[in-house]
Structure formats: C-alpha cells, structure tokens
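The next block is work-v7.txt, given as compact mmCIF, C-alpha atoms.
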```txt
# COMPACT_ATOMS: atom_id res chain seq x y z
CA MET A 1 0.00 0.00 0.00
CA THR A 2 1.23 3.47 -0.87
CA ALA A 3 -0.26 6.45 0.92
CA ALA A 4 -1.73 9.28 -1.13
CA HIS A 5 0.64 12.22 -1.10
CA ASP A 6 1.31 15.62 -2.55
CA SER A 7 4.59 15.82 -4.47
CA ARG A 8 6.62 19.01 -4.70
CA ASN A 9 9.77 19.52 -6.80
CA PHE A 10 11.84 22.53 -5.74
CA PHE A 11 15.29 23.77 -4.75
CA LEU A 12 16.64 23.98 -1.20
CA GLU A 13 19.13 26.66 -0.29
CA GLY A 14 22.33 24.79 0.58
CA PRO A 15 25.71 26.05 1.82
CA ALA A 16 27.31 25.58 -1.63
CA GLY A 17 24.33 26.56 -3.76
CA ARG A 18 20.83 25.35 -4.40
CA LEU A 19 19.96 21.68 -3.88
CA GLU A 20 17.49 19.90 -6.13
CA ALA A 21 14.79 18.31 -3.95
CA ILE A 22 11.48 16.42 -3.92
CA LEU A 23 9.09 16.49 -0.95
CA TRP A 24 6.26 13.99 -0.53
CA THR A 25 3.66 15.15 1.98
CA PRO A 26 0.79 12.86 3.06
CA ALA A 27 -2.59 14.05 1.80
CA THR A 28 -4.09 14.09 5.29
CA THR A 29 -4.74 16.58 8.08
CA VAL A 30 -3.39 14.18 10.73
CA PRO A 31 -0.08 15.50 12.12
CA PRO A 32 2.80 13.14 11.20
CA GLN A 33 4.67 11.25 13.90
CA LEU A 34 7.96 11.76 12.07
CA ALA A 35 9.32 13.66 9.06
CA ALA A 36 12.16 12.05 7.13
CA VAL A 37 15.05 12.84 4.83
CA VAL A 38 16.63 10.09 2.70
CA CYS A 39 20.25 10.58 1.54
CA HIS A 40 21.50 9.05 -1.71
CA PRO A 41 24.64 7.00 -2.57
CA HIS A 42 27.95 8.27 -3.93
CA PRO A 43 27.41 10.90 -6.65
CA LEU A 44 30.73 10.15 -8.36
CA PHE A 45 29.41 6.65 -9.08
CA GLY A 46 26.03 7.75 -10.40
CA GLY A 47 24.22 8.12 -7.10
CA THR A 48 21.25 10.52 -7.02
CA MET A 49 17.96 10.87 -5.15
CA HIS A 50 16.38 8.73 -7.90
CA ASN A 51 18.45 5.66 -6.94
CA LYS A 52 16.20 2.59 -6.59
CA VAL A 53 17.10 1.93 -2.95
CA VAL A 54 16.53 5.58 -2.00
CA TYR A 55 13.23 5.60 -3.89
CA GLN A 56 12.09 2.39 -2.19
CA ALA A 57 12.98 3.75 1.26
CA ALA A 58 11.00 6.91 0.47
CA LYS A 59 8.02 4.81 -0.67
CA SER A 60 8.16 2.72 2.50
CA LEU A 61 8.16 5.82 4.72
CA ASP A 62 5.46 7.50 2.64
CA ALA A 63 3.19 4.46 3.00
CA LEU A 64 3.27 4.98 6.77
CA GLY A 65 2.16 8.61 6.48
CA ILE A 66 5.61 10.12 6.99
CA PRO A 67 6.57 13.22 4.97
CA VAL A 68 9.71 12.36 2.98
CA LEU A 69 12.34 14.69 1.57
CA ARG A 70 14.87 13.52 -1.00
CA PHE A 71 17.54 15.81 -2.40
CA ASN A 72 20.64 15.70 -4.56
CA PHE A 73 23.94 16.38 -2.82
CA ARG A 74 26.08 19.23 -4.11
CA GLY A 75 27.29 18.58 -7.65
CA ALA A 76 24.69 15.86 -8.31
CA GLY A 77 21.79 16.30 -10.72
CA LEU A 78 20.81 19.96 -10.85
CA SER A 79 22.32 20.80 -7.46
CA GLY A 80 24.97 23.50 -7.32
CA GLY A 81 28.48 23.17 -5.96
CA GLU A 82 31.01 20.35 -6.29
CA HIS A 83 31.45 16.99 -4.61
CA ASP A 84 33.36 17.39 -1.33
CA ARG A 85 34.15 13.79 -0.27
CA GLY A 86 31.48 13.73 2.42
CA GLN A 87 32.62 16.85 4.27
CA GLY A 88 30.62 19.68 2.72
CA GLU A 89 27.79 17.22 2.12
CA GLN A 90 27.15 17.25 5.85
CA GLY A 91 26.10 20.86 5.45
CA ASP A 92 23.72 19.77 2.70
CA VAL A 93 22.03 17.36 5.13
CA ARG A 94 21.75 20.10 7.75
CA SER A 95 20.03 22.33 5.20
CA ALA A 96 17.57 19.52 4.47
CA LEU A 97 16.88 19.10 8.19
CA ASP A 98 16.41 22.84 8.60
CA PHE A 99 13.83 22.74 5.83
CA LEU A 100 11.94 19.83 7.40
CA HIS A 101 12.04 21.47 10.82
CA ASN A 102 10.50 24.64 9.40
CA GLU A 103 7.97 22.74 7.29
CA PHE A 104 6.87 20.46 10.14
CA PRO A 105 7.58 22.37 13.37
CA GLY A 106 7.72 20.27 16.50
CA VAL A 107 7.76 16.96 14.58
CA PRO A 108 10.72 14.64 15.35
CA LEU A 109 12.96 14.00 12.36
CA LEU A 110 14.33 10.77 10.90
CA VAL A 111 17.48 10.52 8.80
CA ALA A 112 17.87 7.58 6.43
CA GLY A 113 20.84 7.05 4.15
CA PHE A 114 22.03 4.49 1.63
CA SER A 115 25.74 3.71 1.22
CA PHE A 116 27.61 7.07 0.98
CA GLY A 117 24.37 8.69 2.12
CA SER A 118 24.44 6.64 5.32
CA VAL A 119 27.97 7.81 6.18
CA VAL A 120 27.04 11.47 5.75
CA GLY A 121 23.42 11.35 6.90
CA LEU A 122 23.87 9.30 10.06
CA ARG A 123 26.81 11.42 11.20
CA VAL A 124 24.71 14.58 10.98
CA GLY A 125 21.64 12.85 12.38
CA CYS A 126 23.54 11.66 15.44
CA GLU A 127 24.62 15.22 16.25
CA ASP A 128 21.33 17.01 15.55
CA PRO A 129 18.95 17.07 18.56
CA ARG A 130 15.96 17.42 16.23
CA VAL A 131 16.63 13.93 14.87
CA SER A 132 15.12 11.10 16.89
CA HIS A 133 15.64 8.03 14.66
CA LEU A 134 18.19 6.79 12.11
CA ILE A 135 18.17 4.27 9.26
CA GLY A 136 21.35 2.98 7.60
CA LEU A 137 20.99 0.99 4.37
CA GLY A 138 23.96 -0.87 2.93
CA ILE A 139 26.44 0.81 5.28
CA PRO A 140 29.88 0.61 3.58
CA VAL A 141 31.88 -0.46 6.62
CA ASN A 142 34.73 -1.91 4.55
CA SER A 143 35.94 1.54 3.49
CA SER A 144 34.20 4.09 5.75
CA ASP A 145 34.63 5.03 9.42
CA PHE A 146 31.43 4.64 11.44
CA SER A 147 33.08 5.21 14.84
CA PHE A 148 30.88 8.30 15.29
CA LEU A 149 28.09 5.84 16.14
CA ASN A 150 29.98 4.77 19.27
CA GLY A 151 28.42 7.74 21.06
CA CYS A 152 24.99 7.70 19.41
CA ASN A 153 22.16 6.45 21.63
CA LYS A 154 19.35 7.14 19.17
CA PRO A 155 17.23 4.19 17.93
CA LYS A 156 18.66 2.84 14.68
CA LEU A 157 17.64 0.41 11.96
CA PHE A 158 20.23 -1.16 9.66
CA VAL A 159 19.27 -3.17 6.59
CA HIS A 160 22.10 -4.99 4.87
CA GLY A 161 22.60 -7.52 2.09
CA SER A 162 24.40 -10.72 3.02
CA ASN A 163 26.42 -10.42 -0.21
CA ASP A 164 27.20 -6.70 0.06
CA LYS A 165 30.74 -6.28 -1.27
CA PHE A 166 31.12 -2.85 0.31
CA GLY A 167 30.23 -4.01 3.81
CA ALA A 168 31.07 -7.49 5.06
CA ALA A 169 27.94 -8.77 6.80
CA GLU A 170 29.85 -10.24 9.75
CA LYS A 171 31.62 -6.94 10.34
CA VAL A 172 28.28 -5.14 10.22
CA LYS A 173 26.84 -7.56 12.80
CA THR A 174 29.78 -6.99 15.15
CA LEU A 175 29.63 -3.22 14.83
CA VAL A 176 25.87 -2.93 15.27
CA ALA A 177 26.04 -5.08 18.41
CA SER A 178 28.69 -2.75 19.83
CA TRP A 179 26.81 0.52 19.30
CA PRO A 180 24.69 1.99 22.10
CA GLY A 181 20.94 2.53 21.99
CA GLU A 182 18.17 0.35 20.57
CA ASN A 183 19.51 -1.05 17.32
CA ARG A 184 17.88 -3.45 14.89
CA LEU A 185 19.83 -5.17 12.11
CA VAL A 186 18.06 -6.96 9.28
CA VAL A 187 20.36 -8.97 7.00
CA VAL A 188 18.68 -9.81 3.69
CA ASP A 189 19.84 -13.22 2.45
CA GLU A 190 21.47 -13.31 -0.99
CA ALA A 191 21.08 -9.55 -1.42
CA ASP A 192 23.86 -7.45 -2.94
CA HIS A 193 24.71 -3.85 -2.10
CA PHE A 194 21.79 -2.54 -4.17
CA PHE A 195 19.25 -5.11 -2.90
CA ALA A 196 18.65 -6.20 -6.50
CA GLY A 197 15.49 -8.29 -6.61
CA LYS A 198 15.12 -7.87 -2.84
CA LEU A 199 13.60 -4.39 -2.48
CA ASP A 200 10.41 -5.93 -1.11
CA GLN A 201 12.42 -7.21 1.86
CA LEU A 202 13.92 -3.76 2.36
CA ASP A 203 10.39 -2.37 2.41
CA ARG A 204 9.30 -5.00 4.93
CA ALA A 205 12.22 -4.26 7.24
CA ILE A 206 11.50 -0.52 7.33
CA ASN A 207 7.75 -1.04 7.76
CA THR A 208 8.16 -3.59 10.56
CA TRP A 209 10.69 -1.50 12.48
CA LEU A 210 8.62 1.66 12.39
CA THR A 211 5.32 -0.11 13.07
CA ASP A 212 6.56 -2.36 15.89
CA ASP A 213 9.59 -0.66 17.44
CA VAL A 214 8.96 3.03 16.90
CA PHE A 215 5.27 3.87 16.60
CA ARG A 216 4.07 1.21 19.06
CA THR A 217 6.62 2.37 21.62
CA ALA A 218 5.54 5.98 21.11
CA HIS A 219 2.01 5.03 22.14
```

With the file now loaded, output its structure as structure tokens.
Amino acid sequence: MTAAHDSRNFFLEGPAGRLEAILWTPATTVPPQLAAVVCHPHPLFGGTMHNKVVYQAAKSLDALGIPVLRFNFRGAGLSGGEHDRGQGEQGDVRSALDFLHNEFPGVPLLVAGFSFGSVVGLRVGCEDPRVSHLIGLGIPVNSSDFSFLNGCNKPKLFVHGSNDKFGAAEKVKTLVASWPGENRLVVVDEADHFFAGKLDQLDRAINTWLTDDVFRTAH
C-alpha cells in the first residue's frame, strides 16, 4: 500500500548553492509522527535521489504517512556546488533538516541514508537534537569510518545484504552489536549492495521496524 501524497519539486538553499529536492507530503490533516530525509549514494558513481534503494525507502516511509524529503547532494543532478568527499555534504544534510524542521515544526525527524548517504546522513543525524531516529541501508563499513556511532544512543535500523561487497555482513553484525541505543539489524539473504530483486524485503524491514519498534513504543 502506498499512501496518497502531494509531491513538490523545488530547490533547497544549501551552503554551496541550491539543492534539487522532492518532498512527498501525506494528503491528510493528521499530524505526522515523524518527518524524514533520505540521503543518496555516492554521486561520483552515479548516485542521485532517484536511486532505486533511496526511492524504495522513500516509498516505505510515505506508506506509513511520513513526509519524505529527497535531495541531490552538491554537484549531483541539478544541485549546485562540487562533490566534497562527504565533508561539505554534511552541510547539505543540515540544510535539508532545517527545511523539514521549518515545514513540520515540532515533529521529530528521521534521517535515512544508503551507502555514501548513510555515512554522511547518520553522522549529521547523530549530532542534531531534532533527529530522533536513524536508518542505515547498505552501510559501507569496509571503506568508511562509522566510529561516530559509538556515542549515538538514538534508535537505529540497519538493513544490509548478506552479499554486500562494500560491507562485510559479519563486520556489520559486530559493529551494530557494539553501538549503544536500541539497534535493529536486518540482514537480507542473498542480497547485494543494491538489494537487486530484494527491495520488497527492504520495504518489509522498514515497515516492521517503524510499526513495531517506533510507533508502538511511542504510544
């Protein structure tokens, strides 16, 4: 099931120029329990907000009545600026969170990220007090430093392919078990980094976590 939503294409004001963005807002008067931003994979390898994993994550959140913002990092798509190896991109995420905070005042925020987007997004989300929940998809632990999560107590969901060549599944299991807070890890059997042919299981993992662990706890 996909919730009915209003879709808005626009540009965010980012620290290095405007950022191409799409906002899905539920077509309902009921205040949302969360508002989310989903961060895309590495732009130098073709990653944009239209990536299939990012799009599926947005659909999964939208189906639960959560407003979802996707945007292109600096230098990707029609966004201004140049790629900054994950440093300046943190400012892009903060701009996205500022927008969501102003658009949905008082609503807790969720940051989700896939691959490169998880490295940048989760780092910013851990630091920002407006962010209450985090989702990491295909976290590339083989080549990226996730030690910033050692001090992050926020509830986190990780969805990972058992055959992900950018993040050894056993290493992911060890790291997730070592991080503080309430963490759920879902390893999708036979899935690669892009969850090819397994996006339905990605959807199920996000839906189950939010329905059972997050929304039920909130009530």

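Note that the spacing between CA of Phe194 in chain A and CA of Val176 in chain A amounts to 19.9 Å.
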
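Rounded to one decimal, CA of Ala16 in chain A and CA of Glu89 in chain A lie 9.2 Å from each other.
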
- Query: Leaving out Ser95 in chain A and any residue of its chain fewer than 6 positions from it, which residues lie within 8 Å of it when counting only C-alpha atoms, given as a VMD selection string?
  - Reply: chain A and resid 12 to 15

- Query: For Asn142 in chain A, which residue among A:Gly167, A:Gly161, A:Pro180, A:Pro155 is the nearest when counting only C-alpha atoms?
  - Reply: A:Gly167

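Comparing the minimum interatomic distances between Phe45 in chain A and each of A:Arg204, A:His83, A:Arg184, A:Arg18, counting only C-alpha atoms, we find that A:His83 sits nearest.
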
Find the residues near Leu100 in chain A: any atom within 8 Å, counting only C-alpha atoms, skip ones fewer than 6 places away on the same chain, and give them as a compact mmCIF listing (two decimals) with C-alpha atoms, in the frame of the given file.
```
# COMPACT_ATOMS: atom_id res chain seq x y z
CA ALA A 35 9.32 13.66 9.06
CA ALA A 36 12.16 12.05 7.13
CA LEU A 69 12.34 14.69 1.57
CA LEU A 109 12.96 14.00 12.36
```

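Ranking A:Val93, A:Val111, A:Ile135, A:Ile66 by their shortest atom-to-atom distance to Leu185 in chain A, with all atoms listed in the file included, puts A:Ile135 first.
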
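Near Ile206 in chain A, within 9 Å and counting only C-alpha atoms, sit Ala57, Ser60, Leu61, Ile135, Leu157, Val159, Gln201, Leu202, Asp203, Arg204, Thr208, Trp209, Leu210 and Thr211 of chain A; same-chain residues fewer than 2 positions away were not included.
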
Just the selected residues (C-alpha atoms), exported as a PDB file, in the frame of the given file, please.
```
ATOM      1  CA  ALA A  57      12.980   3.750   1.260  1.00  0.00           C
ATOM      2  CA  SER A  60       8.160   2.720   2.500  1.00  0.00           C
ATOM      3  CA  LEU A  61       8.160   5.820   4.720  1.00  0.00           C
ATOM      4  CA  ILE A 135      18.170   4.270   9.260  1.00  0.00           C
ATOM      5  CA  LEU A 157      17.640   0.410  11.960  1.00  0.00           C
ATOM      6  CA  VAL A 159      19.270  -3.170   6.590  1.00  0.00           C
ATOM      7  CA  GLN A 201      12.420  -7.210   1.860  1.00  0.00           C
ATOM      8  CA  LEU A 202      13.920  -3.760   2.360  1.00  0.00           C
ATOM      9  CA  ASP A 203      10.390  -2.370   2.410  1.00  0.00           C
ATOM     10  CA  ARG A 204       9.300  -5.000   4.930  1.00  0.00           C
ATOM     11  CA  THR A 208       8.160  -3.590  10.560  1.00  0.00           C
ATOM     12  CA  TRP A 209      10.690  -1.500  12.480  1.00  0.00           C
ATOM     13  CA  LEU A 210       8.620   1.660  12.390  1.00  0.00           C
ATOM     14  CA  THR A 211       5.320  -0.110  13.070  1.00  0.00           C
TER      15      THR A 211
END
```

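Here CA of Phe166 in chain A stands at a distance of 15.6 Å from CA of Leu44 in chain A.
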
- Task: For Val186 in chain A, list every protein, DNA or RNA residue within 7 Å, evaluated using all atoms listed in the file, and leave out those in the same chain fewer than 6 positions away; present the list as a VMD selection string.
- Result: chain A and resid 158 to 160 205

- Task: Show which residues sit within 12 Å of Gly121 in chain A, as a VMD selection string. Count all atoms listed in the file, and ignore same-chain residues fewer than 3 positions away.
- Result: chain A and resid 36 to 41 70 to 71 73 86 to 97 110 to 118 124 to 128 131 133 to 137 139 146 148 to 149

- Task: Determine, counting all atoms listed in the file, every residue of protein, DNA or RNA that lies within 7 Å of (19.8, 6.2, 20.5) in the file coordinates, then give the result as a PyMOL selection string.
- Result: chain A and resi 152-156+180-182

- Please tell me which residues are no farther than 8 Å from (31.2, -6.9, -3.8) in the file, counting only C-alpha atoms, and write them as an MDAnalysis selection string. chainID A and resid 163:166 192:193
